[in-house]
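Visitor: My file is data26.pdb. It has PDB, C-alpha atoms:
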```pdb
ATOM      1  CA  MET A   1      52.347  -8.657  61.568
ATOM      2  CA  ILE A   2      48.604  -8.195  61.096
ATOM      3  CA  LEU A   3      47.951  -9.570  64.586
ATOM      4  CA  PHE A   4      50.227  -6.884  66.021
ATOM      5  CA  TRP A   5      48.266  -4.053  64.411
ATOM      6  CA  ILE A   6      44.909  -5.559  65.405
ATOM      7  CA  LEU A   7      46.061  -5.833  69.016
ATOM      8  CA  TRP A   8      47.649  -2.385  68.924
ATOM      9  CA  GLY A   9      44.459  -0.832  67.551
ATOM     10  CA  PHE A  10      42.316  -2.553  70.177
ATOM     11  CA  ASP A  11      44.707  -1.436  72.926
ATOM     12  CA  ALA A  12      44.641   2.110  71.532
ATOM     13  CA  ILE A  13      40.856   2.120  71.854
ATOM     14  CA  LEU A  14      41.136   0.843  75.434
ATOM     15  CA  SER A  15      43.721   3.538  76.146
ATOM     16  CA  LEU A  16      41.379   6.226  74.860
ATOM     17  CA  ILE A  17      38.607   4.904  77.113
ATOM     18  CA  VAL A  18      40.886   5.093  80.159
ATOM     19  CA  LEU A  19      42.016   8.583  79.147
ATOM     20  CA  TYR A  20      38.373   9.654  78.742
ATOM     21  CA  PHE A  21      37.539   8.488  82.274
ATOM     22  CA  PHE A  22      40.627  10.278  83.604
ATOM     23  CA  LEU A  23      39.763  13.557  81.907
ATOM     24  CA  THR A  24      36.112  13.282  82.925
ATOM     25  CA  GLY A  25      37.230  12.655  86.494
ATOM     26  CA  LEU A  26      39.430  15.730  86.395
ATOM     27  CA  ASN A  27      36.492  17.758  85.132
ATOM     28  CA  ASP A  28      33.989  16.624  87.755
ATOM     29  CA  GLY A  29      36.454  16.454  90.643
ATOM     30  CA  SER A  30      36.418  12.712  91.261
ATOM     31  CA  VAL A  31      40.112  12.565  90.329
ATOM     32  CA  SER A  32      41.703  14.555  93.110
ATOM     33  CA  SER A  33      45.018  14.733  94.903
ATOM     34  CA  SER A  34      44.106  11.697  96.994
ATOM     35  CA  ASN A  35      43.951   9.354  93.990
ATOM     36  CA  MET A  36      46.046  11.232  91.434
ATOM     37  CA  VAL A  37      49.083   8.998  92.022
ATOM     38  CA  MET A  38      47.024   5.900  91.239
ATOM     39  CA  TRP A  39      45.734   7.453  88.025
ATOM     40  CA  LEU A  40      49.193   8.544  86.946
ATOM     41  CA  ILE A  41      50.565   5.044  87.544
ATOM     42  CA  ILE A  42      47.754   3.562  85.449
ATOM     43  CA  LEU A  43      48.373   6.049  82.640
ATOM     44  CA  LEU A  44      52.146   5.434  82.755
ATOM     45  CA  ILE A  45      51.652   1.666  82.558
ATOM     46  CA  ILE A  46      49.359   2.069  79.558
ATOM     47  CA  ALA A  47      51.869   4.390  77.876
ATOM     48  CA  ALA A  48      54.670   1.904  78.591
ATOM     49  CA  ILE A  49      52.658  -0.931  77.043
ATOM     50  CA  MET A  50      51.787   1.048  73.927
ATOM     51  CA  GLY A  51      55.236   2.566  73.452
ATOM     52  CA  GLY A  52      57.091  -0.575  74.474
ATOM     53  CA  SER A  53      55.210  -2.680  71.964
ATOM     54  CA  LEU A  54      56.150  -0.275  69.168
ATOM     55  CA  LYS A  55      59.801  -0.321  70.272
ATOM     56  CA  LEU A  56      59.791  -4.125  70.356
ATOM     57  CA  LYS A  57      58.259  -4.251  66.887
ATOM     58  CA  LEU A  58      60.922  -1.901  65.551
ATOM     59  CA  ALA A  59      63.570  -4.146  67.135
ATOM     60  CA  LYS A  60      62.106  -7.133  65.203
ATOM     61  CA  GLN A  61      60.730  -8.709  68.402
ATOM     62  CA  VAL A  62      57.166  -9.047  67.163
ATOM     63  CA  VAL A  63      56.364 -12.057  69.369
ATOM     64  CA  LEU A  64      57.341 -10.173  72.528
ATOM     65  CA  ALA A  65      55.415  -7.123  71.326
ATOM     66  CA  ASN A  66      52.303  -9.272  70.804
ATOM     67  CA  ILE A  67      52.662 -10.781  74.278
ATOM     68  CA  LEU A  68      52.936  -7.288  75.764
ATOM     69  CA  LEU A  69      49.831  -6.170  73.894
ATOM     70  CA  PHE A  70      47.932  -9.295  74.992
ATOM     71  CA  LEU A  71      48.548  -8.298  78.629
ATOM     72  CA  PHE A  72      46.389  -5.239  78.090
ATOM     73  CA  ALA A  73      43.951  -6.668  75.534
ATOM     74  CA  VAL A  74      42.787  -9.764  77.431
ATOM     75  CA  PRO A  75      41.168  -7.904  80.379
ATOM     76  CA  GLY A  76      39.518  -5.518  77.915
ATOM     77  CA  LEU A  77      38.167  -8.396  75.850
ATOM     78  CA  LEU A  78      36.853 -10.189  78.933
ATOM     79  CA  TYR A  79      35.138  -7.047  80.187
ATOM     80  CA  GLY A  80      33.638  -6.433  76.744
ATOM     81  CA  LEU A  81      32.317 -10.002  76.724
ATOM     82  CA  PHE A  82      30.835  -9.466  80.191
ATOM     83  CA  LEU A  83      29.075  -6.301  79.024
ATOM     84  CA  LEU A  84      27.786  -8.051  75.915
ATOM     85  CA  ILE A  85      26.312 -10.868  77.989
ATOM     86  CA  ALA A  86      24.870  -8.437  80.559
ATOM     87  CA  ILE A  87      23.225  -6.274  77.892
ATOM     88  CA  THR A  88      21.916  -8.942  75.543
ATOM     89  CA  GLY A  89      21.015 -11.661  78.040
ATOM     90  CA  ASN A  90      17.974 -11.651  80.253
ATOM     91  CA  VAL A  91      20.054 -11.480  83.384
ATOM     92  CA  ARG A  92      18.445 -11.002  86.779
ATOM     93  CA  TRP A  93      20.877  -9.300  89.126
ATOM     94  CA  ASN A  94      18.920  -9.774  92.348
TER      95      ASN A  94
END
```
Could I get this structure in the form of structure tokens?

Guide:
Amino acid sequence: MILFWILWGFDAILSLIVLYFFLTGLNDGSVSSSNMVMWLIILLIIAAIMGGSLKLKLAKQVVLANILLFLFAVPGLLYGLFLLIAITGNVRWN
């Protein structure tokens, strides 16, 4: 049960980051009619993951809810690890 809420909280933070980039893109014009469909699909998938995991938890399917949350959390964790290594390591990018 605790694992579910940890994953859900981490995924909520990732969702807010994606929403921030979407809203910033709307503000500066980089999200336009040419890529709006892609953005809406991404936002709908994220909403389906977050809402679907809560529905599965309410239906006493906590294992399936955790698996669904892992689908979104693993790429975020890997990217966070990449950023941590890139920032703290003495990496030469040339």

Visitor: Between atom CA of Ile42 of chain A and atom CA of Phe70 of chain A, what distance in Å does the model show, to one decimal?

Guide: 16.6 Å

Visitor: Separation of atom CA of Ile6 of chain A and atom CA of Gly89 of chain A, in Å?

Guide: 27.7 Å

Visitor: Could you give me, as a ChimeraX atom specification, the residues within 8 Å of segment 64-69 of chain A, counting all atoms listed in the file and dropping anything in the same chain fewer than 5 positions from it?

Guide: /A:3-4,7-8,11,49-50,52-54,56-57

Visitor: Closest to Met1 of chain A among A:Ala47, A:Leu58, A:Val37, A:Leu71, using only C-alpha atoms?

Guide: A:Leu58

Visitor: My list of candidates is A:Asn94, A:Ile87, A:Phe22, A:Gly29. Which is closest to Ile41 of chain A when distances are computed with only C-alpha atoms?

Guide: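 Answer, going by the shortest atom-to-atom distance: A:Phe22.
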
Visitor: How many Å separate atom CA of Gln61 of chain A from atom CA of Leu16 of chain A?

Guide: 25.3 Å
